[in-house]
$ cat target-v4.pdb   # PDB, C-alpha atoms
ATOM      1  CA  MET F   1      20.709  -1.865  -9.732
ATOM      2  CA  GLU F   2      22.248   0.393  -7.096
ATOM      3  CA  VAL F   3      22.574  -0.831  -3.536
ATOM      4  CA  SER F   4      23.410   1.382  -0.581
ATOM      5  CA  ASP F   5      25.084   0.207   2.598
ATOM      6  CA  PRO F   6      22.612  -1.952   4.535
ATOM      7  CA  GLN F   7      21.315  -0.609   7.836
ATOM      8  CA  SER F   8      21.915  -3.987   9.410
ATOM      9  CA  LYS F   9      23.731  -7.171   8.485
ATOM     10  CA  ASN F  10      20.626  -8.760   7.042
ATOM     11  CA  GLN F  11      19.039  -5.707   5.377
ATOM     12  CA  GLU F  12      19.650  -4.448   1.843
ATOM     13  CA  ASN F  13      18.474  -1.028   0.643
ATOM     14  CA  GLY F  14      18.748   0.329  -2.865
ATOM     15  CA  PHE F  15      17.015   1.314  -6.070
ATOM     16  CA  PHE F  16      15.709  -0.643  -9.035
ATOM     17  CA  GLU F  17      14.290   0.586 -12.332
ATOM     18  CA  SER F  18      10.693   0.201 -13.423
ATOM     19  CA  GLY F  19       9.434   1.888 -16.592
ATOM     20  CA  GLY F  20      12.342   4.334 -16.579
ATOM     21  CA  TYR F  21      11.888   5.335 -12.929
ATOM     22  CA  LYS F  22      14.153   4.669  -9.977
ATOM     23  CA  LEU F  23      12.186   3.055  -7.177
ATOM     24  CA  HIS F  24      13.451   2.489  -3.665
ATOM     25  CA  TYR F  25      13.346  -0.981  -2.138
ATOM     26  CA  THR F  26      14.358  -2.813   1.016
ATOM     27  CA  LYS F  27      15.005  -6.517   1.424
ATOM     28  CA  ARG F  28      15.390  -8.051   4.863
ATOM     29  CA  ASP F  29      16.888 -11.538   4.763
ATOM     30  CA  ASN F  30      15.964 -13.284   8.004
ATOM     31  CA  GLY F  31      17.095 -16.706   6.833
ATOM     32  CA  LYS F  32      13.537 -18.047   6.814
ATOM     33  CA  GLY F  33      13.433 -19.242   3.209
ATOM     34  CA  ARG F  34       9.889 -17.883   2.985
ATOM     35  CA  ALA F  35       9.226 -14.561   1.218
ATOM     36  CA  LEU F  36       6.633 -11.955   2.205
ATOM     37  CA  LEU F  37       5.862  -9.095  -0.170
ATOM     38  CA  LEU F  38       4.696  -5.989   1.720
ATOM     39  CA  LEU F  39       2.521  -3.554  -0.242
ATOM     40  CA  HIS F  40       1.725  -0.117   1.186
ATOM     41  CA  GLY F  41      -1.269   2.134   0.677
ATOM     42  CA  PHE F  42      -2.141   5.397  -1.054
ATOM     43  CA  MET F  43       0.113   8.376  -0.115
ATOM     44  CA  ASP F  44       1.945   6.084   2.297
ATOM     45  CA  SER F  45       5.370   4.430   2.124
ATOM     46  CA  SER F  46       6.853   0.942   2.240
ATOM     47  CA  GLN F  47       7.690   1.559   5.898
ATOM     48  CA  THR F  48       3.991   1.429   6.771
ATOM     49  CA  PHE F  49       4.424  -1.925   8.552
ATOM     50  CA  LEU F  50       7.093  -0.565  10.903
ATOM     51  CA  PHE F  51       5.171  -1.836  13.946
ATOM     52  CA  GLN F  52       4.816  -5.337  12.440
ATOM     53  CA  GLU F  53       8.281  -5.818  10.934
ATOM     54  CA  GLU F  54       9.924  -7.467  13.920
ATOM     55  CA  TYR F  55       7.027  -9.882  14.348
ATOM     56  CA  LEU F  56       6.877 -10.704  10.631
ATOM     57  CA  SER F  57      10.632 -11.331  10.607
ATOM     58  CA  LYS F  58      10.046 -14.365  12.830
ATOM     59  CA  HIS F  59       8.265 -16.065   9.924
ATOM     60  CA  PHE F  60       9.495 -14.424   6.710
ATOM     61  CA  ASP F  61      12.174 -12.749   4.678
ATOM     62  CA  LEU F  62      10.669  -9.309   3.976
ATOM     63  CA  TYR F  63      10.504  -7.539   0.621
ATOM     64  CA  ARG F  64       9.099  -4.031   0.213
ATOM     65  CA  PHE F  65       9.363  -1.035  -2.109
ATOM     66  CA  ASP F  66       7.879   2.432  -2.696
ATOM     67  CA  TYR F  67       5.641   2.825  -5.756
ATOM     68  CA  ARG F  68       6.578   5.669  -8.072
ATOM     69  CA  GLY F  69       5.372   8.927  -6.545
ATOM     70  CA  HIS F  70       5.665   7.503  -3.008
ATOM     71  CA  GLY F  71       8.301   7.270  -0.306
ATOM     72  CA  ASP F  72      11.840   7.526  -1.614
ATOM     73  CA  SER F  73      10.962   6.620  -5.206
ATOM     74  CA  GLU F  74      10.888   9.046  -8.124
ATOM     75  CA  TRP F  75       7.826  11.147  -8.885
ATOM     76  CA  LEU F  76       6.048  10.901 -12.219
ATOM     77  CA  ARG F  77       7.658  13.236 -14.782
ATOM     78  CA  GLU F  78       4.722  13.367 -17.200
ATOM     79  CA  GLY F  79       1.265  11.920 -17.724
ATOM     80  CA  PHE F  80      -1.011  11.005 -14.834
ATOM     81  CA  TYR F  81      -1.013   8.454 -12.063
ATOM     82  CA  HIS F  82      -3.092   5.361 -12.663
ATOM     83  CA  PHE F  83      -3.611   2.114 -10.771
ATOM     84  CA  MET F  84      -1.784   0.356 -13.605
ATOM     85  CA  LEU F  85       1.491   2.055 -12.612
ATOM     86  CA  PRO F  86       1.874   0.507  -9.136
ATOM     87  CA  LEU F  87       0.661  -2.764 -10.662
ATOM     88  CA  VAL F  88       3.473  -2.585 -13.247
ATOM     89  CA  ASP F  89       5.977  -1.567 -10.557
ATOM     90  CA  THR F  90       4.900  -4.488  -8.377
ATOM     91  CA  LYS F  91       5.295  -6.955 -11.240
ATOM     92  CA  THR F  92       8.777  -5.544 -12.001
ATOM     93  CA  PHE F  93       9.758  -5.862  -8.343
ATOM     94  CA  ILE F  94       8.504  -9.442  -8.200
ATOM     95  CA  GLN F  95      10.475 -10.319 -11.336
ATOM     96  CA  LYS F  96      13.686  -8.844  -9.967
ATOM     97  CA  PHE F  97      13.596  -9.926  -6.340
ATOM     98  CA  LEU F  98      10.958 -12.461  -5.343
ATOM     99  CA  PRO F  99      11.356 -16.262  -5.459
ATOM    100  CA  GLU F 100       8.901 -18.401  -7.397
ATOM    101  CA  LYS F 101       6.566 -18.752  -4.395
ATOM    102  CA  PHE F 102       5.775 -15.905  -2.020
ATOM    103  CA  HIS F 103       3.190 -14.497   0.391
ATOM    104  CA  ILE F 104       1.538 -11.058   0.311
ATOM    105  CA  LEU F 105       0.539  -8.601   3.036
ATOM    106  CA  GLY F 106      -1.002  -5.374   1.768
ATOM    107  CA  HIS F 107      -2.789  -2.379   3.235
ATOM    108  CA  SER F 108      -5.484  -0.321   1.488
ATOM    109  CA  MET F 109      -4.300   0.290  -2.105
ATOM    110  CA  GLY F 110      -1.617  -2.312  -1.390
ATOM    111  CA  GLY F 111      -4.331  -4.779  -0.413
ATOM    112  CA  GLY F 112      -6.093  -4.080  -3.703
ATOM    113  CA  LEU F 113      -2.838  -4.629  -5.569
ATOM    114  CA  GLY F 114      -2.179  -7.821  -3.642
ATOM    115  CA  SER F 115      -5.581  -9.296  -4.456
ATOM    116  CA  ARG F 116      -5.068  -8.633  -8.166
ATOM    117  CA  ILE F 117      -1.536 -10.061  -8.143
ATOM    118  CA  ALA F 118      -2.873 -13.169  -6.379
ATOM    119  CA  GLY F 119      -5.504 -13.503  -9.110
ATOM    120  CA  LEU F 120      -3.044 -12.944 -11.947
ATOM    121  CA  TYR F 121      -0.449 -15.362 -10.547
ATOM    122  CA  PRO F 122      -2.408 -17.833  -8.393
ATOM    123  CA  GLU F 123       0.282 -20.486  -8.837
ATOM    124  CA  ARG F 124       2.876 -18.244  -7.167
ATOM    125  CA  VAL F 125       1.051 -16.621  -4.230
ATOM    126  CA  GLU F 126       0.854 -18.898  -1.167
ATOM    127  CA  SER F 127      -1.211 -16.644   1.093
ATOM    128  CA  LEU F 128      -2.800 -13.209   0.970
ATOM    129  CA  VAL F 129      -3.540 -10.874   3.861
ATOM    130  CA  SER F 130      -5.375  -7.699   2.891
ATOM    131  CA  LEU F 131      -5.930  -4.930   5.422
ATOM    132  CA  GLU F 132      -8.975  -3.413   3.700
ATOM    133  CA  GLY F 133      -8.313  -2.609   0.021
ATOM    134  CA  PHE F 134     -11.641  -3.657  -1.548
ATOM    135  CA  SER F 135     -14.390  -1.583  -3.168
ATOM    136  CA  SER F 136     -18.076  -2.022  -3.864
ATOM    137  CA  LEU F 137     -19.645  -1.639  -7.297
ATOM    138  CA  GLN F 138     -19.982   2.064  -8.088
ATOM    139  CA  ASP F 139     -23.019   3.880  -9.413
ATOM    140  CA  PRO F 140     -22.371   4.660 -13.130
ATOM    141  CA  GLU F 141     -23.744   8.207 -12.871
ATOM    142  CA  LYS F 142     -21.466   8.942  -9.919
ATOM    143  CA  GLU F 143     -18.520   7.619 -11.942
ATOM    144  CA  ARG F 144     -19.535   9.805 -14.904
ATOM    145  CA  ARG F 145     -19.472  12.923 -12.729
ATOM    146  CA  ARG F 146     -16.137  11.943 -11.201
ATOM    147  CA  PHE F 147     -14.605  11.351 -14.635
ATOM    148  CA  LEU F 148     -15.967  14.663 -15.937
ATOM    149  CA  GLY F 149     -14.342  16.488 -13.036
ATOM    150  CA  TRP F 150     -11.044  14.727 -13.675
ATOM    151  CA  LEU F 151     -11.179  15.506 -17.404
ATOM    152  CA  GLU F 152     -11.783  19.201 -16.805
ATOM    153  CA  ASN F 153      -8.997  19.609 -14.240
ATOM    154  CA  TRP F 154      -6.161  17.237 -15.092
ATOM    155  CA  GLU F 155      -4.118  19.601 -17.313
ATOM    156  CA  LEU F 156      -4.297  22.317 -14.686
ATOM    157  CA  SER F 157      -3.084  19.947 -11.994
ATOM    158  CA  LEU F 158      -0.304  18.577 -14.207
ATOM    159  CA  ALA F 159       0.992  22.108 -14.815
ATOM    160  CA  GLY F 160       2.687  21.791 -11.435
ATOM    161  CA  LYS F 161       0.495  24.174  -9.458
ATOM    162  CA  ASP F 162      -0.454  21.474  -6.950
ATOM    163  CA  ARG F 163       3.210  20.689  -6.326
ATOM    164  CA  LYS F 164       4.118  24.356  -5.841
ATOM    165  CA  ARG F 165       1.362  24.633  -3.260
ATOM    166  CA  GLN F 166       2.683  21.647  -1.336
ATOM    167  CA  LYS F 167       2.883  22.642   2.304
ATOM    168  CA  ASN F 168       6.194  22.579   4.115
ATOM    169  CA  PHE F 169       6.478  22.112   7.867
ATOM    170  CA  LYS F 170       8.967  23.593  10.292
ATOM    171  CA  SER F 171       9.487  20.249  11.967
ATOM    172  CA  VAL F 172       8.383  16.627  11.967
ATOM    173  CA  GLU F 173       6.273  17.501  15.010
ATOM    174  CA  ASP F 174       4.365  20.090  12.954
ATOM    175  CA  ALA F 175       3.738  17.519  10.224
ATOM    176  CA  ALA F 176       2.549  15.064  12.877
ATOM    177  CA  ALA F 177       0.060  17.657  14.109
ATOM    178  CA  ARG F 178      -1.412  17.736  10.602
ATOM    179  CA  LEU F 179      -1.816  13.947  10.679
ATOM    180  CA  ALA F 180      -3.253  13.843  14.192
ATOM    181  CA  PRO F 181      -6.944  14.179  13.142
ATOM    182  CA  ILE F 182      -6.481  11.172  10.831
ATOM    183  CA  TYR F 183      -5.013   9.139  13.706
ATOM    184  CA  PRO F 184      -7.219  10.027  16.703
ATOM    185  CA  ARG F 185      -6.349   6.772  18.526
ATOM    186  CA  LEU F 186      -2.560   7.005  18.309
ATOM    187  CA  PRO F 187      -0.279   8.052  21.169
ATOM    188  CA  LYS F 188       2.071  10.897  20.235
ATOM    189  CA  GLU F 189       5.190   8.701  20.170
ATOM    190  CA  ARG F 190       3.665   6.285  17.645
ATOM    191  CA  LEU F 191       2.333   9.162  15.531
ATOM    192  CA  LEU F 192       5.805  10.737  15.354
ATOM    193  CA  LYS F 193       7.343   7.469  14.179
ATOM    194  CA  ILE F 194       4.807   7.215  11.374
ATOM    195  CA  THR F 195       5.324  10.858  10.392
ATOM    196  CA  GLU F 196       9.080  10.321  10.130
ATOM    197  CA  THR F 197       8.471   7.671   7.451
ATOM    198  CA  LEU F 198       6.260  10.042   5.439
ATOM    199  CA  THR F 199       8.401  13.213   5.414
ATOM    200  CA  ARG F 200      11.810  14.348   4.191
ATOM    201  CA  PRO F 201      13.854  17.569   4.479
ATOM    202  CA  ALA F 202      12.774  20.218   1.964
ATOM    203  CA  GLU F 203      15.331  22.125  -0.129
ATOM    204  CA  GLU F 204      14.137  25.477   1.207
ATOM    205  CA  GLY F 205      14.234  24.218   4.777
ATOM    206  CA  GLY F 206      11.835  22.399   7.021
ATOM    207  CA  TYR F 207      10.089  19.184   5.991
ATOM    208  CA  MET F 208       7.753  18.098   3.213
ATOM    209  CA  TRP F 209       5.651  15.032   2.470
ATOM    210  CA  LYS F 210       7.489  12.377   0.456
ATOM    211  CA  SER F 211       4.472  11.483  -1.685
ATOM    212  CA  ASP F 212       3.707  13.392  -4.868
ATOM    213  CA  PRO F 213       0.611  15.587  -4.237
ATOM    214  CA  SER F 214      -0.419  15.052  -7.883
ATOM    215  CA  TYR F 215      -1.332  11.491  -6.888
ATOM    216  CA  LYS F 216      -4.398  12.939  -5.149
ATOM    217  CA  ASN F 217      -5.883  13.883  -8.521
ATOM    218  CA  GLY F 218      -6.683  10.213  -9.010
ATOM    219  CA  PRO F 219      -6.879   8.214 -12.231
ATOM    220  CA  PRO F 220      -9.440   8.904 -14.977
ATOM    221  CA  VAL F 221     -10.881   5.384 -14.707
ATOM    222  CA  PHE F 222     -10.236   2.338 -12.557
ATOM    223  CA  LEU F 223      -9.779  -1.266 -13.576
ATOM    224  CA  SER F 224     -13.030  -2.834 -14.716
ATOM    225  CA  PRO F 225     -14.949  -4.087 -11.647
ATOM    226  CA  GLN F 226     -16.010  -7.145 -13.660
ATOM    227  CA  PHE F 227     -12.399  -7.992 -14.454
ATOM    228  CA  THR F 228     -11.360  -7.334 -10.865
ATOM    229  CA  ARG F 229     -14.022  -9.744  -9.623
ATOM    230  CA  HIS F 230     -12.800 -12.360 -12.062
ATOM    231  CA  LEU F 231      -9.298 -11.956 -10.621
ATOM    232  CA  TRP F 232     -10.690 -12.403  -7.104
ATOM    233  CA  GLU F 233     -12.381 -15.621  -8.236
ATOM    234  CA  THR F 234      -9.055 -16.882  -9.594
ATOM    235  CA  ILE F 235      -7.227 -16.582  -6.264
ATOM    236  CA  SER F 236      -6.369 -20.079  -5.052
ATOM    237  CA  CYS F 237      -4.521 -19.405  -1.781
ATOM    238  CA  ASN F 238      -5.985 -18.818   1.671
ATOM    239  CA  VAL F 239      -7.052 -15.205   2.156
ATOM    240  CA  LEU F 240      -7.396 -13.127   5.314
ATOM    241  CA  VAL F 241      -9.219  -9.799   5.085
ATOM    242  CA  VAL F 242      -9.109  -7.421   8.046
ATOM    243  CA  TYR F 243     -11.140  -4.230   8.476
ATOM    244  CA  GLY F 244     -11.239  -1.646  11.219
ATOM    245  CA  GLN F 245     -14.725  -1.327  12.681
ATOM    246  CA  LYS F 246     -14.402   2.474  12.566
ATOM    247  CA  THR F 247     -12.989   2.678   9.043
ATOM    248  CA  HIS F 248     -14.138   5.519   6.811
ATOM    249  CA  LEU F 249     -13.941   3.145   3.827
ATOM    250  CA  ALA F 250     -16.549   0.597   4.821
ATOM    251  CA  LEU F 251     -17.963  -1.501   1.992
ATOM    252  CA  ASP F 252     -21.496  -0.815   0.787
ATOM    253  CA  ASP F 253     -22.027  -4.496   0.019
ATOM    254  CA  SER F 254     -19.378  -6.668   1.626
ATOM    255  CA  LYS F 255     -21.427  -9.811   0.936
ATOM    256  CA  GLU F 256     -21.238  -9.233  -2.832
ATOM    257  CA  VAL F 257     -17.543  -8.338  -2.734
ATOM    258  CA  PHE F 258     -16.394 -11.303  -0.664
ATOM    259  CA  SER F 259     -18.630 -13.783  -2.482
ATOM    260  CA  HIS F 260     -15.989 -13.770  -5.243
ATOM    261  CA  ILE F 261     -13.140 -14.986  -2.997
ATOM    262  CA  ARG F 262     -12.660 -18.618  -1.988
ATOM    263  CA  ASN F 263     -10.911 -19.685   1.205
ATOM    264  CA  LEU F 264     -11.677 -16.333   2.818
ATOM    265  CA  LYS F 265     -11.498 -15.457   6.501
ATOM    266  CA  TYR F 266     -12.865 -12.039   7.480
ATOM    267  CA  ILE F 267     -12.123 -10.239  10.755
ATOM    268  CA  GLU F 268     -12.930  -6.769  12.118
ATOM    269  CA  ILE F 269     -10.849  -5.034  14.769
ATOM    270  CA  GLU F 270     -12.679  -3.034  17.413
ATOM    271  CA  ASP F 271     -11.668   0.569  18.090
ATOM    272  CA  ALA F 272      -9.596   0.689  14.898
ATOM    273  CA  GLY F 273      -9.934   2.789  11.768
ATOM    274  CA  HIS F 274      -8.655   2.302   8.240
ATOM    275  CA  ASN F 275      -5.056   2.152   9.478
ATOM    276  CA  MET F 276      -5.622  -0.658  11.935
ATOM    277  CA  HIS F 277      -1.953  -1.726  11.711
ATOM    278  CA  HIS F 278      -1.113   1.601  13.345
ATOM    279  CA  ASP F 279      -4.154   1.881  15.609
ATOM    280  CA  ARG F 280      -4.068  -1.625  17.097
ATOM    281  CA  PRO F 281      -0.754  -3.316  16.207
ATOM    282  CA  ASP F 282      -1.040  -5.660  19.189
ATOM    283  CA  ILE F 283      -4.437  -7.008  18.119
ATOM    284  CA  LEU F 284      -3.351  -7.300  14.505
ATOM    285  CA  GLU F 285      -0.260  -9.276  15.492
ATOM    286  CA  ASN F 286      -2.432 -11.830  17.277
ATOM    287  CA  ILE F 287      -4.681 -12.140  14.223
ATOM    288  CA  LEU F 288      -1.711 -12.574  11.895
ATOM    289  CA  GLU F 289      -0.122 -15.147  14.194
ATOM    290  CA  GLU F 290      -3.251 -17.299  14.156
ATOM    291  CA  PHE F 291      -3.509 -17.058  10.372
ATOM    292  CA  TYR F 292       0.143 -17.748   9.606
ATOM    293  CA  VAL F 293       0.577 -20.601  12.091
ATOM    294  CA  THR F 294      -2.404 -22.283  10.451
ATOM    295  CA  ASN F 295      -1.421 -21.612   6.846
ATOM    296  CA  LEU F 296       2.366 -21.526   6.574
ATOM    297  CA  LYS F 297       3.957 -24.581   5.037
TER
END
$ encode --input "target-v4.pdb" --output "structure tokens"
Amino acid sequence: MEVSDPQSKNQENGFFESGGYKLHYTKRDNGKGRALLLLHGFMDSSQTFLFQEEYLSKHFDLYRFDYRGHGDSEWLREGFYHFMLPLVDTKTFIQKFLPEKFHILGHSMGGGLGSRIAGLYPERVESLVSLEGFSSLQDPEKERRRFLGWLENWELSLAGKDRKRQKNFKSVEDAAARLAPIYPRLPKERLLKITETLTRPAEEGGYMWKSDPSYKNGPPVFLSPQFTRHLWETISCNVLVVYGQKTHLALDDSKEVFSHIRNLKYIEIEDAGHNMHHDRPDILENILEEFYVTNLK
């Protein structure tokens, strides 16, 4: 395990190995004796909670890492990305760094990961906060067409053509302009901070996205929805689910989805999209404070 010089006295940055890949992690020891595992979303990075970190540090020691193909972690060398990979990486990270009991805060794909981890290890997870990250039952014919498209195109995408076409930007500001339509509610200063966490200098000059574009090809199949629902039913801790009222990933049948989770509190944030932790960090902090003050031991 390689550790670089910490950015501050209480922060440790380095790399750990998972399945033969070097993954970047950060541990912030705030002397709280209470661990919070932060799980980021699709094509995002472990810095996604940059606007919540100072608040969260009042309650927790913070643990976060970049899944393979994301942030500062290695990209996949062969094969294809699948939901099982970040699940394996998360389990490896937990084994190496987390104490026996811990809390989870996840966004989007990270929320989905968190809910499955909480179902697999209910005796270890003390609370779960998921900022979206759930999915309705899919139509089988729609899934058949999606799988057929994946099957016909995956070798072409793995040949590296998608990576060669990856767009470079002259500056972080140019990359931020590309993200602007996705973040219509963000002031420019906040958008630039987010963009800085998602880009790195390119070898040929300028900046490029940190995340592997091959990730966008998606997996051939997802985890069984029946098994996923069983995992949700196994969760024993208190659960907070937060959605943005203007999210583009609204559930088709939220009643069915959330019927499988005990001890659930559901909240929607007005004037917030899928990335509500970026859109309305002030409102989210108030929601988290109420939840944690009530549920922390």
$ resolve_selection --input "target-v4.pdb" --expression "the PyMOL selection byres ((chain F and resi 87-103) around 10)" --output "MDAnalysis selection string"
chainID F and resid 1 16:19 21 23 25 27 33:39 60:68 82:86 104:105 110 112:114 116:118 121:129 237 296
$ closest_residue --input "target-v4.pdb" --among "F:Glu270, F:Glu196, F:Asp279, F:Glu233" --to "Val257 of chain F" --atoms "only C-alpha atoms"
F:Glu233
$ closest_residue --input "target-v4.pdb" --among "F:Asn275, F:Asn168, F:Ser136, F:Ser57" --to "Val242 of chain F" --atoms "all atoms listed in the file"
F:Asn275
$ atom_distance --input "target-v4.pdb" --atom1 "atom CA of Trp154 of chain F" --atom2 "atom CA of Ser214 of chain F"
9.5 Å
$ closest_residue --input "target-v4.pdb" --among "F:Gly31, F:Gly14, F:Pro181, F:Gly133" --to "Ser254 of chain F" --atoms "all atoms listed in the file"
F:Gly133
$ residues_near_point --input "target-v4.pdb" --point "(-11.4, -19.9, -6.5)" --cutoff "12 Å" --atoms "all atoms listed in the file" --output "compact mmCIF listing (two decimals) with C-alpha atoms, keeping the file's coordinate frame"
# COMPACT_ATOMS: atom_id res chain seq x y z
CA ALA F 118 -2.87 -13.17 -6.38
CA GLY F 119 -5.50 -13.50 -9.11
CA PRO F 122 -2.41 -17.83 -8.39
CA GLU F 123 0.28 -20.49 -8.84
CA ARG F 229 -14.02 -9.74 -9.62
CA HIS F 230 -12.80 -12.36 -12.06
CA LEU F 231 -9.30 -11.96 -10.62
CA TRP F 232 -10.69 -12.40 -7.10
CA GLU F 233 -12.38 -15.62 -8.24
CA THR F 234 -9.06 -16.88 -9.59
CA ILE F 235 -7.23 -16.58 -6.26
CA SER F 236 -6.37 -20.08 -5.05
CA CYS F 237 -4.52 -19.40 -1.78
CA ASN F 238 -5.98 -18.82 1.67
CA VAL F 239 -7.05 -15.20 2.16
CA PHE F 258 -16.39 -11.30 -0.66
CA SER F 259 -18.63 -13.78 -2.48
CA HIS F 260 -15.99 -13.77 -5.24
CA ILE F 261 -13.14 -14.99 -3.00
CA ARG F 262 -12.66 -18.62 -1.99
CA ASN F 263 -10.91 -19.68 1.20
CA LEU F 264 -11.68 -16.33 2.82
$ atom_distance --input "target-v4.pdb" --atom1 "atom CA of Val241 of chain F" --atom2 "atom CA of Ser46 of chain F"
19.5 Å
$ residues_around --input "target-v4.pdb" --residues "Trp75 of chain F" --least-positions-apart "2" --cutoff "10 Å" --atoms "only C-alpha atoms" --output "ChimeraX atom specification"
/F:21-23,67-73,77-78,81,210-215
$ resolve_selection --input "target-v4.pdb" --expression "the PyMOL selection byres ((chain F and resi 192) around 12)" --output "ChimeraX atom specification"
/F:171-180,183,186-191,193-199,278
$ atom_distance --input "target-v4.pdb" --atom1 "atom CA of Phe42 of chain F" --atom2 "atom CA of Ser108 of chain F"
7.1 Å
$ residues_around --input "target-v4.pdb" --residues "Tyr55 of chain F" --least-positions-apart "6" --cutoff "12 Å" --atoms "all atoms listed in the file" --output "list of chain:residue names"
F:Asn30, F:Phe49, F:Asp61, F:Leu62, F:Pro281, F:Asp282, F:Leu284, F:Glu285, F:Asn286, F:Ile287, F:Leu288, F:Glu289, F:Tyr292
$ closest_residue --input "target-v4.pdb" --among "F:Lys170, F:His24, F:Arg200, F:His40" --to "Leu131 of chain F" --atoms "all atoms listed in the file"
F:His40
$ decode --input "target-v4.pdb" --residues "segment 218-231 of chain F" --atoms "N, CA, C and O atoms" --output "PDB file, in the first residue's frame"
ATOM      1  N   GLY F 218     -21.615   0.585 -20.651  1.00  0.00           N
ATOM      2  CA  GLY F 218     -22.509  -0.126 -19.750  1.00  0.00           C
ATOM      3  C   GLY F 218     -22.208  -1.611 -19.678  1.00  0.00           C
ATOM      4  O   GLY F 218     -21.478  -2.158 -20.502  1.00  0.00           O
ATOM      5  N   PRO F 219     -22.794  -2.283 -18.699  1.00  0.00           N
ATOM      6  CA  PRO F 219     -22.601  -3.728 -18.553  1.00  0.00           C
ATOM      7  C   PRO F 219     -23.586  -4.484 -19.438  1.00  0.00           C
ATOM      8  O   PRO F 219     -24.594  -3.934 -19.870  1.00  0.00           O
ATOM      9  N   PRO F 220     -23.306  -5.765 -19.719  1.00  0.00           N
ATOM     10  CA  PRO F 220     -24.262  -6.549 -20.515  1.00  0.00           C
ATOM     11  C   PRO F 220     -25.566  -6.783 -19.761  1.00  0.00           C
ATOM     12  O   PRO F 220     -26.650  -6.681 -20.330  1.00  0.00           O
ATOM     13  N   VAL F 221     -25.470  -7.113 -18.483  1.00  0.00           N
ATOM     14  CA  VAL F 221     -26.650  -7.325 -17.645  1.00  0.00           C
ATOM     15  C   VAL F 221     -26.379  -6.718 -16.278  1.00  0.00           C
ATOM     16  O   VAL F 221     -25.236  -6.506 -15.887  1.00  0.00           O
ATOM     17  N   PHE F 222     -27.434  -6.440 -15.550  1.00  0.00           N
ATOM     18  CA  PHE F 222     -27.324  -5.898 -14.206  1.00  0.00           C
ATOM     19  C   PHE F 222     -27.564  -7.018 -13.192  1.00  0.00           C
ATOM     20  O   PHE F 222     -27.919  -8.137 -13.548  1.00  0.00           O
ATOM     21  N   LEU F 223     -27.352  -6.707 -11.925  1.00  0.00           N
ATOM     22  CA  LEU F 223     -27.694  -7.676 -10.899  1.00  0.00           C
ATOM     23  C   LEU F 223     -29.189  -7.963 -10.959  1.00  0.00           C
ATOM     24  O   LEU F 223     -29.989  -7.083 -11.275  1.00  0.00           O
ATOM     25  N   SER F 224     -29.549  -9.186 -10.661  1.00  0.00           N
ATOM     26  CA  SER F 224     -30.953  -9.586 -10.679  1.00  0.00           C
ATOM     27  C   SER F 224     -31.789  -8.643  -9.821  1.00  0.00           C
ATOM     28  O   SER F 224     -31.462  -8.412  -8.651  1.00  0.00           O
ATOM     29  N   PRO F 225     -32.875  -8.076 -10.361  1.00  0.00           N
ATOM     30  CA  PRO F 225     -33.722  -7.193  -9.547  1.00  0.00           C
ATOM     31  C   PRO F 225     -34.351  -7.924  -8.369  1.00  0.00           C
ATOM     32  O   PRO F 225     -34.586  -7.329  -7.319  1.00  0.00           O
ATOM     33  N   GLN F 226     -34.612  -9.236  -8.523  1.00  0.00           N
ATOM     34  CA  GLN F 226     -35.165 -10.003  -7.412  1.00  0.00           C
ATOM     35  C   GLN F 226     -34.154 -10.113  -6.277  1.00  0.00           C
ATOM     36  O   GLN F 226     -34.498  -9.951  -5.100  1.00  0.00           O
ATOM     37  N   PHE F 227     -32.896 -10.379  -6.645  1.00  0.00           N
ATOM     38  CA  PHE F 227     -31.849 -10.480  -5.633  1.00  0.00           C
ATOM     39  C   PHE F 227     -31.609  -9.132  -4.974  1.00  0.00           C
ATOM     40  O   PHE F 227     -31.441  -9.029  -3.755  1.00  0.00           O
ATOM     41  N   THR F 228     -31.597  -8.078  -5.789  1.00  0.00           N
ATOM     42  CA  THR F 228     -31.413  -6.731  -5.247  1.00  0.00           C
ATOM     43  C   THR F 228     -32.495  -6.406  -4.232  1.00  0.00           C
ATOM     44  O   THR F 228     -32.221  -5.861  -3.156  1.00  0.00           O
ATOM     45  N   ARG F 229     -33.734  -6.748  -4.543  1.00  0.00           N
ATOM     46  CA  ARG F 229     -34.833  -6.472  -3.614  1.00  0.00           C
ATOM     47  C   ARG F 229     -34.711  -7.297  -2.334  1.00  0.00           C
ATOM     48  O   ARG F 229     -35.077  -6.829  -1.256  1.00  0.00           O
ATOM     49  N   HIS F 230     -34.167  -8.493  -2.461  1.00  0.00           N
ATOM     50  CA  HIS F 230     -33.923  -9.277  -1.250  1.00  0.00           C
ATOM     51  C   HIS F 230     -32.871  -8.597  -0.379  1.00  0.00           C
ATOM     52  O   HIS F 230     -33.005  -8.555   0.857  1.00  0.00           O
ATOM     53  N   LEU F 231     -31.840  -8.041  -1.011  1.00  0.00           N
ATOM     54  CA  LEU F 231     -30.812  -7.321  -0.251  1.00  0.00           C
ATOM     55  C   LEU F 231     -31.413  -6.108   0.443  1.00  0.00           C
ATOM     56  O   LEU F 231     -31.093  -5.825   1.605  1.00  0.00           O
TER      57      LEU F 231
END
